[in-house]
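Coordinates as given in structure_36.pdb (PDB, C-alpha atoms):
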ATOM      1  CA  MET A   1     -25.090  36.976  15.387
ATOM      2  CA  TYR A   2     -27.746  37.657  12.769
ATOM      3  CA  ASN A   3     -28.924  41.254  12.327
ATOM      4  CA  LYS A   4     -26.005  42.560  14.328
ATOM      5  CA  ASP A   5     -23.768  45.273  12.959
ATOM      6  CA  ASN A   6     -20.652  43.684  14.352
ATOM      7  CA  ALA A   7     -21.446  40.185  13.089
ATOM      8  CA  PRO A   8     -18.194  39.838  11.068
ATOM      9  CA  GLU A   9     -16.170  40.740  14.133
ATOM     10  CA  ILE A  10     -17.989  38.156  16.247
ATOM     11  CA  ALA A  11     -17.430  35.499  13.573
ATOM     12  CA  ILE A  12     -13.744  36.312  13.229
ATOM     13  CA  ASN A  13     -13.218  36.382  16.994
ATOM     14  CA  THR A  14     -14.889  32.988  17.351
ATOM     15  CA  CYS A  15     -12.700  31.518  14.612
ATOM     16  CA  LEU A  16      -9.556  33.016  16.109
ATOM     17  CA  LYS A  17     -10.418  31.542  19.494
ATOM     18  CA  CYS A  18     -10.931  28.171  17.848
ATOM     19  CA  ALA A  19      -7.616  28.418  15.964
ATOM     20  CA  LYS A  20      -5.879  29.420  19.205
ATOM     21  CA  VAL A  21      -7.185  26.361  21.016
ATOM     22  CA  ASN A  22      -6.203  24.110  18.118
ATOM     23  CA  LEU A  23      -2.696  25.536  18.059
ATOM     24  CA  TYR A  24      -2.356  25.162  21.809
ATOM     25  CA  VAL A  25      -3.450  21.530  21.645
ATOM     26  CA  PHE A  26      -1.046  20.943  18.773
ATOM     27  CA  SER A  27       1.813  22.589  20.660
ATOM     28  CA  GLN A  28       1.213  20.383  23.691
ATOM     29  CA  ARG A  29       0.778  17.201  21.705
ATOM     30  CA  ASP A  30       4.125  15.637  22.568
ATOM     31  CA  LYS A  31       3.543  16.136  26.242
ATOM     32  CA  ARG A  32       0.008  14.786  26.142
ATOM     33  CA  LYS A  33       0.972  11.701  24.154
ATOM     34  CA  ALA A  34       3.946  10.951  26.378
ATOM     35  CA  ASN A  35       1.780  11.183  29.486
ATOM     36  CA  THR A  36      -0.984   8.910  28.246
ATOM     37  CA  THR A  37       1.330   6.147  27.081
ATOM     38  CA  ALA A  38       3.199   6.181  30.371
ATOM     39  CA  LEU A  39       0.020   5.967  32.410
ATOM     40  CA  SER A  40      -1.346   2.636  31.285
ATOM     41  CA  LEU A  41       0.384  -0.651  30.633
ATOM     42  CA  ASP A  42      -2.758  -1.913  28.870
ATOM     43  CA  MET A  43      -2.394   0.739  26.262
ATOM     44  CA  LEU A  44       1.215   0.246  25.279
ATOM     45  CA  GLU A  45       0.009  -0.684  21.827
ATOM     46  CA  GLU A  46      -3.124   1.083  20.831
ATOM     47  CA  ASN A  47      -5.373  -0.046  18.022
ATOM     48  CA  SER A  48      -6.235   3.507  17.265
ATOM     49  CA  SER A  49      -5.024   6.814  18.549
ATOM     50  CA  ASP A  50      -4.539  10.275  17.211
ATOM     51  CA  GLY A  51      -1.781   8.792  15.120
ATOM     52  CA  TYR A  52       1.045  10.849  16.477
ATOM     53  CA  TYR A  53       4.272   9.323  17.623
ATOM     54  CA  LEU A  54       7.607  10.875  18.279
ATOM     55  CA  PRO A  55       9.808  10.460  15.220
ATOM     56  CA  ASP A  56      12.061   7.420  15.372
ATOM     57  CA  SER A  57      15.106   7.592  13.129
ATOM     58  CA  LYS A  58      14.692   3.984  12.015
ATOM     59  CA  GLN A  59      10.931   3.911  11.663
ATOM     60  CA  ALA A  60      10.877   7.207   9.867
ATOM     61  CA  ARG A  61      12.891   5.797   6.992
ATOM     62  CA  LEU A  62      11.078   5.427   3.748
ATOM     63  CA  LEU A  63      12.804   2.140   3.071
ATOM     64  CA  ASP A  64      13.085  -0.971   5.148
ATOM     65  CA  THR A  65      16.037  -1.208   7.472
ATOM     66  CA  THR A  66      17.374  -4.183   5.486
ATOM     67  CA  LEU A  67      19.192  -1.876   3.160
ATOM     68  CA  TYR A  68      20.710  -0.027   6.103
ATOM     69  CA  ASP A  69      21.881  -3.296   7.604
ATOM     70  CA  LEU A  70      23.415  -4.204   4.263
ATOM     71  CA  ILE A  71      25.365  -0.933   4.100
ATOM     72  CA  GLN A  72      26.552  -1.437   7.654
ATOM     73  CA  THR A  73      27.699  -4.965   6.778
ATOM     74  CA  TYR A  74      29.577  -3.736   3.728
ATOM     75  CA  PHE A  75      31.335  -1.152   5.855
ATOM     76  CA  LEU A  76      32.269  -3.637   8.563
ATOM     77  CA  ARG A  77      33.597  -6.000   5.884
ATOM     78  CA  LYS A  78      35.833  -3.094   4.846
ATOM     79  CA  GLN A  79      34.101  -2.744   1.487
ATOM     80  CA  TYR A  80      34.054   0.987   2.080
ATOM     81  CA  LEU A  81      33.436   2.175  -1.452
ATOM     82  CA  THR A  82      30.398  -0.094  -1.821
ATOM     83  CA  ALA A  83      29.008   1.122   1.494
ATOM     84  CA  PHE A  84      29.492   4.792   0.586
ATOM     85  CA  ILE A  85      28.050   4.361  -2.893
ATOM     86  CA  LEU A  86      24.929   2.618  -1.569
ATOM     87  CA  ASP A  87      24.529   5.224   1.144
ATOM     88  CA  LEU A  88      24.861   8.086  -1.331
ATOM     89  CA  ILE A  89      22.311   6.487  -3.648
ATOM     90  CA  LEU A  90      19.957   6.015  -0.730
ATOM     91  CA  ASN A  91      20.371   9.268   1.142
ATOM     92  CA  ASP A  92      22.039  11.778  -1.119
ATOM     93  CA  ASN A  93      21.294  13.474  -4.395
ATOM     94  CA  VAL A  94      23.131  11.560  -7.091
ATOM     95  CA  PHE A  95      20.451  12.064  -9.695
ATOM     96  CA  SER A  96      20.397  14.602 -12.468
ATOM     97  CA  ILE A  97      17.295  16.016 -14.071
ATOM     98  CA  SER A  98      16.840  15.293 -17.748
ATOM     99  CA  LYS A  99      13.937  15.286 -20.176
ATOM    100  CA  ASN A 100      12.986  11.807 -19.032
ATOM    101  CA  GLY A 101      12.923  12.825 -15.376
ATOM    102  CA  ALA A 102      15.542  12.099 -12.725
ATOM    103  CA  GLU A 103      18.360   9.874 -13.897
ATOM    104  CA  PHE A 104      21.163   8.275 -11.946
ATOM    105  CA  SER A 105      24.345  10.239 -12.601
ATOM    106  CA  ILE A 106      27.744   8.584 -12.171
ATOM    107  CA  LYS A 107      29.345  12.019 -12.537
ATOM    108  CA  LYS A 108      27.428  13.342  -9.521
ATOM    109  CA  LEU A 109      28.196  10.209  -7.562
ATOM    110  CA  LYS A 110      31.884  10.664  -8.275
ATOM    111  CA  GLN A 111      31.737  14.330  -7.246
ATOM    112  CA  ARG A 112      30.031  13.426  -3.974
ATOM    113  CA  LEU A 113      32.507  10.635  -3.277
ATOM    114  CA  MET A 114      35.372  13.068  -3.709
ATOM    115  CA  SER A 115      33.801  15.629  -1.372
ATOM    116  CA  LEU A 116      32.904  13.503   1.650
ATOM    117  CA  ASP A 117      33.509  15.712   4.664
ATOM    118  CA  LYS A 118      33.165  15.680   8.443
ATOM    119  CA  ASP A 119      29.437  16.417   8.305
ATOM    120  CA  TYR A 120      28.939  13.384   6.114
ATOM    121  CA  CYS A 121      30.962  11.299   8.583
ATOM    122  CA  LYS A 122      28.762  12.444  11.447
ATOM    123  CA  GLY A 123      25.576  11.575   9.531
ATOM    124  CA  PHE A 124      26.963   8.193   8.491
ATOM    125  CA  ALA A 125      28.096   7.468  12.038
ATOM    126  CA  ILE A 126      24.652   8.229  13.480
ATOM    127  CA  THR A 127      22.777   6.290  10.806
ATOM    128  CA  TYR A 128      24.819   3.111  10.950
ATOM    129  CA  GLY A 129      26.184   3.218  14.485
ATOM    130  CA  ILE A 130      29.828   3.313  13.405
ATOM    131  CA  SER A 131      32.466   5.478  15.011
ATOM    132  CA  CYS A 132      33.296   8.725  13.265
ATOM    133  CA  SER A 133      37.045   8.110  13.297
ATOM    134  CA  SER A 134      36.769   4.796  11.435
ATOM    135  CA  ILE A 135      34.622   6.495   8.803
ATOM    136  CA  GLU A 136      37.205   9.262   8.417
ATOM    137  CA  ASN A 137      39.887   6.583   7.967
ATOM    138  CA  ALA A 138      37.737   4.765   5.418
ATOM    139  CA  ILE A 139      37.282   7.939   3.388
ATOM    140  CA  LYS A 140      41.059   8.129   2.985
ATOM    141  CA  TYR A 141      40.885   4.933   0.901
ATOM    142  CA  ILE A 142      38.811   6.711  -1.736
ATOM    143  CA  GLN A 143      41.327   8.052  -4.208
ATOM    144  CA  PRO A 144      40.640   9.741  -7.533
ATOM    145  CA  ASN A 145      42.987   7.378  -9.336
ATOM    146  CA  GLY A 146      40.958   4.607 -10.895
ATOM    147  CA  LEU A 147      37.789   5.763  -9.173
ATOM    148  CA  ASP A 148      35.730   5.453 -12.374
ATOM    149  CA  ARG A 149      36.795   1.863 -12.787
ATOM    150  CA  ASN A 150      36.105   1.078  -9.133
ATOM    151  CA  ILE A 151      32.652   2.670  -9.284
ATOM    152  CA  ASP A 152      31.825   0.580 -12.372
ATOM    153  CA  ARG A 153      33.007  -2.532 -10.594
ATOM    154  CA  VAL A 154      30.936  -1.795  -7.497
ATOM    155  CA  LEU A 155      27.808  -0.972  -9.488
ATOM    156  CA  THR A 156      28.165  -4.188 -11.502
ATOM    157  CA  THR A 157      28.628  -6.189  -8.301
ATOM    158  CA  LEU A 158      25.549  -4.551  -6.768
ATOM    159  CA  LYS A 159      23.545  -5.291  -9.897
ATOM    160  CA  HIS A 160      24.338  -8.968  -9.493
ATOM    161  CA  ASN A 161      23.887  -9.045  -5.733
ATOM    162  CA  LYS A 162      21.122 -11.630  -5.264
ATOM    163  CA  GLU A 163      20.366 -10.517  -1.706
ATOM    164  CA  LEU A 164      19.828  -6.922  -2.783
ATOM    165  CA  TYR A 165      17.875  -7.928  -5.873
ATOM    166  CA  GLY A 166      15.667 -10.236  -3.841
ATOM    167  CA  TRP A 167      14.996  -7.549  -1.289
ATOM    168  CA  LEU A 168      14.122  -4.933  -3.920
ATOM    169  CA  HIS A 169      11.961  -7.441  -5.747
ATOM    170  CA  ASN A 170       9.971  -8.195  -2.570
ATOM    171  CA  ALA A 171       9.812  -4.558  -1.529
ATOM    172  CA  TYR A 172       8.155  -3.419  -4.742
TER     173      TYR A 172
ATOM    174  CA  MET B   1       4.715  42.493   7.489
ATOM    175  CA  PHE B   2       2.968  44.835   9.867
ATOM    176  CA  GLU B   3       4.438  47.952   8.235
ATOM    177  CA  LEU B   4       3.563  46.700   4.767
ATOM    178  CA  TYR B   5      -0.055  46.125   5.728
ATOM    179  CA  GLU B   6      -0.176  49.578   7.281
ATOM    180  CA  GLN B   7       1.135  51.146   4.084
ATOM    181  CA  ILE B   8      -1.491  49.352   2.034
ATOM    182  CA  ALA B   9      -4.223  50.314   4.494
ATOM    183  CA  GLU B  10      -3.277  53.977   4.342
ATOM    184  CA  GLN B  11      -4.715  54.212   0.859
ATOM    185  CA  VAL B  12      -8.033  54.556   2.697
ATOM    186  CA  PRO B  13      -7.683  57.859   4.589
ATOM    187  CA  ASN B  14      -9.942  57.026   7.543
ATOM    188  CA  TRP B  15      -9.231  53.331   7.895
ATOM    189  CA  ASN B  16      -8.070  53.624  11.481
ATOM    190  CA  SER B  17     -11.335  55.101  12.655
ATOM    191  CA  LEU B  18     -13.418  52.316  11.103
ATOM    192  CA  THR B  19     -14.458  49.368  13.231
ATOM    193  CA  LYS B  20     -13.343  45.863  12.332
ATOM    194  CA  SER B  21     -16.835  45.017  11.108
ATOM    195  CA  GLU B  22     -16.996  48.131   8.941
ATOM    196  CA  LEU B  23     -13.643  47.198   7.425
ATOM    197  CA  CYS B  24     -15.033  43.743   6.675
ATOM    198  CA  TYR B  25     -18.172  45.105   5.043
ATOM    199  CA  ASN B  26     -16.177  47.578   2.972
ATOM    200  CA  TYR B  27     -13.714  44.888   1.956
ATOM    201  CA  LEU B  28     -16.465  42.578   0.759
ATOM    202  CA  LYS B  29     -18.264  45.417  -1.028
ATOM    203  CA  CYS B  30     -15.088  46.521  -2.855
ATOM    204  CA  LYS B  31     -14.112  42.944  -3.599
ATOM    205  CA  ASP B  32     -17.474  42.213  -5.226
ATOM    206  CA  ALA B  33     -17.237  45.415  -7.249
ATOM    207  CA  GLY B  34     -13.650  44.675  -8.297
ATOM    208  CA  ASP B  35     -12.435  47.843  -6.570
ATOM    209  CA  PRO B  36      -8.654  47.787  -5.846
ATOM    210  CA  LEU B  37      -9.342  49.434  -2.453
ATOM    211  CA  ALA B  38     -10.488  46.008  -1.257
ATOM    212  CA  ASP B  39      -6.881  45.136  -0.475
ATOM    213  CA  SER B  40      -6.530  48.273   1.642
ATOM    214  CA  TYR B  41      -9.591  47.450   3.729
ATOM    215  CA  LEU B  42      -8.326  43.907   4.185
ATOM    216  CA  ALA B  43      -4.867  45.165   5.146
ATOM    217  CA  GLY B  44      -6.479  47.576   7.640
ATOM    218  CA  LEU B  45      -8.447  44.724   9.164
ATOM    219  CA  LEU B  46      -5.331  42.550   9.435
ATOM    220  CA  VAL B  47      -3.357  45.380  11.063
ATOM    221  CA  LYS B  48      -6.057  45.704  13.708
ATOM    222  CA  TYR B  49      -5.974  41.977  14.369
ATOM    223  CA  ILE B  50      -2.185  41.614  14.216
ATOM    224  CA  LYS B  51      -1.770  43.688  17.380
ATOM    225  CA  LYS B  52      -4.115  41.297  19.155
ATOM    226  CA  ILE B  53      -2.383  38.227  17.669
ATOM    227  CA  GLN B  54       1.006  39.558  18.753
ATOM    228  CA  ILE B  55      -0.122  39.879  22.375
ATOM    229  CA  ASP B  56      -1.570  36.357  22.289
ATOM    230  CA  TYR B  57       1.583  34.830  20.860
ATOM    231  CA  ASN B  58       3.756  36.551  23.443
ATOM    232  CA  SER B  59       1.764  34.885  26.207
ATOM    233  CA  GLN B  60       4.384  32.068  25.875
ATOM    234  CA  LEU B  61       1.807  29.310  25.630
ATOM    235  CA  TYR B  62       2.987  28.116  22.251
ATOM    236  CA  LYS B  63       6.507  26.865  22.739
ATOM    237  CA  ASN B  64       6.599  24.425  19.816
ATOM    238  CA  ILE B  65       5.078  26.832  17.337
ATOM    239  CA  THR B  66       7.033  29.530  15.590
ATOM    240  CA  GLU B  67       5.742  33.056  15.436
ATOM    241  CA  GLU B  68       5.359  32.688  11.684
ATOM    242  CA  GLN B  69       3.233  29.536  12.002
ATOM    243  CA  TYR B  70       1.074  31.242  14.590
ATOM    244  CA  TYR B  71       0.488  34.346  12.472
ATOM    245  CA  ASP B  72      -0.220  32.219   9.394
ATOM    246  CA  ALA B  73      -2.812  30.157  11.225
ATOM    247  CA  MET B  74      -4.531  33.239  12.611
ATOM    248  CA  ILE B  75      -4.559  35.133   9.336
ATOM    249  CA  ASP B  76      -5.885  32.011   7.594
ATOM    250  CA  SER B  77      -8.765  31.932  10.076
ATOM    251  CA  ILE B  78      -9.633  35.549   9.353
ATOM    252  CA  LEU B  79      -9.524  34.946   5.606
ATOM    253  CA  ALA B  80     -11.613  31.805   5.987
ATOM    254  CA  VAL B  81     -14.394  33.851   7.611
ATOM    255  CA  LEU B  82     -14.226  36.533   4.966
ATOM    256  CA  HIS B  83     -14.245  34.051   2.127
ATOM    257  CA  ASP B  84     -17.130  32.037   3.534
ATOM    258  CA  LYS B  85     -15.131  28.922   4.224
ATOM    259  CA  VAL B  86     -16.250  28.425   7.792
TER     260      VAL B  86
END

Spell out the structure here as C-alpha cells.
Amino acid sequence: MYNKDNAPEIAINTCLKCAKVNLYVFSQRDKRKANTTALSLDMLEENSSDGYYLPDSKQARLLDTTLYDLIQTYFLRKQYLTAFILDLILNDNVFSISKNGAEFSIKKLKQRLMSLDKDYCKGFAITYGISCSSIENAIKYIQPNGLDRNIDRVLTTLKHNKELYGWLHNAY
Amino acid sequence: MFELYEQIAEQVPNWNSLTKSELCYNYLKCKDAGDPLADSYLAGLLVKYIKKIQIDYNSQLYKNITEEQYYDAMIDSILAVLHDKV
C-alpha cells in the first residue's frame, strides 16, 4: 500500500470489507447461536461464550422476579390498587424531575392510575400472566372518589411491608 | 442524505472527475489548512462510496440490520480511515 497513489482507496476498501463481514456475522448471530446450542448436550451451559442470548422477558428485568411475584400475588388477592401502584412504580414513569433529581410524584401516579387503558392491560397481562379481561374488570374498581386517601393507605402499607422491606434490603 | 452530500460536494466544480484517493488527499489537505472546502471533498468521497454501499445493502444479506445501521457502520469505517483510527 505504501508509495501507491491510490493508497487511501485501498485502505478504505479493506475497512469496508471488514465492516461488511462484521455486520454479516452480527446479523446472523441469532441463527448461529441457536444452532450451536442445539447441537451439543454437553454445552447446554457454557462457561464462556460470545455472551449473546436471546432476550428472555424475565431474565431481562433489571430487578429480581420477587417483586413481580409480589405484584401478581397482590392482584390475585384482589388488592388491585396495590398491585397497580407497585407495577406503575416499577415499570412506569411516576417520577418528576426537580432540582434534587427524580422524585416520586403522587400526582403523576394518580394521573396514570386514572388513565389505565387497554394497552396497559395487555402489558400487565403479559408480564404477570393474568387474563386481560380480569385486569379490565379490576381497573373498574379504581374510582377518583377517595383515590388520594386510598393511595396514601397503600403507600403506608407498602412502607411497613416486612417482606418487601426485607427483599429491598437484601437486594441493595 | 445522498442529495445533501451531492449538494455539498458540488462546491468543488470538478469533484466528480476526481478519483476517490484524490478526494481523500484533498480532504486531508484542506482539513489541515482549515479550508471549508474539506467538507465538500469529504461529501464527494461519501457520495462515491454510498452508491457502492447501496448495492451491497440491497444484496439482502443483512436481514436483521436496518439500512440506517448499515450506512452508519460503513460511513464510520470510512471516517475511521481518514481520521487515522484504524

### Query
What's the 12 Å shell around Lys4 of chain A, counting only C-alpha atoms, without same-chain residues fewer than 5 positions away, as a list in words?
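In the requested form, the answer reads Glu9, Ile10 and Ala11 of chain A; Ser21 and Glu22 of chain B.
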
### Task
With the file shown as input, list the residues that the ChimeraX specification (/A :<12) & /B selects, as an MDAnalysis selection string.
chainID B and resid 18:28 45:46 48:50 52:53 56:57 59:67 69:86

## Note on the structure
Students should find that atom CA of Tyr128 of chain A and atom CA of Tyr68 of chain A are spaced 7.1 Å

### Task
Would you mind reading off the distance between atom CA of Trp15 of chain B and atom CA of Asn3 of chain A, one decimal, in Å?
23.5 Å

Please define a box with edges along x, y and z of the file around all atoms of segment 42-45 of chain B given in the file, extend it by 3 Å on each side, and return its centre and edge lengths in Å to one decimal, as lines of an AutoDock Vina configuration file.
center_x = -6.7
center_y = 45.7
center_z = 6.7
size_x = 9.6
size_y = 9.7
size_z = 11.0

### Message
To one decimal place in Å, what is the distance between atom CA of Gln111 of chain A and atom CA of Phe95 of chain A?
### Response
11.8 Å

Would you mind writing segment 53-69 of chain B with N, CA and C atoms, as a CSV table (one decimal), in the coordinates of the input?
chain,number,residue,atom,x,y,z
B,53,ILE,N,-3.1,39.5,17.9
B,53,ILE,CA,-2.4,38.2,17.7
B,53,ILE,C,-1.0,38.3,18.3
B,54,GLN,N,-0.3,39.4,18.2
B,54,GLN,CA,1.0,39.6,18.8
B,54,GLN,C,1.0,39.4,20.3
B,55,ILE,N,0.0,40.0,20.9
B,55,ILE,CA,-0.1,39.9,22.4
B,55,ILE,C,-0.4,38.4,22.8
B,56,ASP,N,-1.3,37.8,22.0
B,56,ASP,CA,-1.6,36.4,22.3
B,56,ASP,C,-0.3,35.5,22.2
B,57,TYR,N,0.4,35.7,21.1
B,57,TYR,CA,1.6,34.8,20.9
B,57,TYR,C,2.6,35.0,22.0
B,58,ASN,N,2.8,36.3,22.4
B,58,ASN,CA,3.8,36.6,23.4
B,58,ASN,C,3.4,36.0,24.8
B,59,SER,N,2.2,35.4,24.9
B,59,SER,CA,1.8,34.9,26.2
B,59,SER,C,2.6,33.6,26.5
B,60,GLN,N,3.4,33.2,25.6
B,60,GLN,CA,4.4,32.1,25.9
B,60,GLN,C,3.7,30.7,26.0
B,61,LEU,N,2.5,30.6,25.5
B,61,LEU,CA,1.8,29.3,25.6
B,61,LEU,C,2.2,28.4,24.5
B,62,TYR,N,2.8,28.9,23.5
B,62,TYR,CA,3.0,28.1,22.3
B,62,TYR,C,4.5,27.9,22.0
B,63,LYS,N,5.1,27.0,22.8
B,63,LYS,CA,6.5,26.9,22.7
B,63,LYS,C,7.0,26.1,21.5
B,64,ASN,N,6.2,25.2,21.0
B,64,ASN,CA,6.6,24.4,19.8
B,64,ASN,C,6.2,25.0,18.5
B,65,ILE,N,5.6,26.2,18.6
B,65,ILE,CA,5.1,26.8,17.3
B,65,ILE,C,5.8,28.1,17.1
B,66,THR,N,6.3,28.3,15.9
B,66,THR,CA,7.0,29.5,15.6
B,66,THR,C,6.0,30.7,15.4
B,67,GLU,N,6.6,31.9,15.5
B,67,GLU,CA,5.7,33.1,15.4
B,67,GLU,C,5.1,33.1,14.1
B,68,GLU,N,5.9,32.7,13.1
B,68,GLU,CA,5.4,32.7,11.7
B,68,GLU,C,4.2,31.7,11.5
B,69,GLN,N,4.3,30.5,12.1
B,69,GLN,CA,3.2,29.5,12.0
B,69,GLN,C,2.0,30.1,12.7
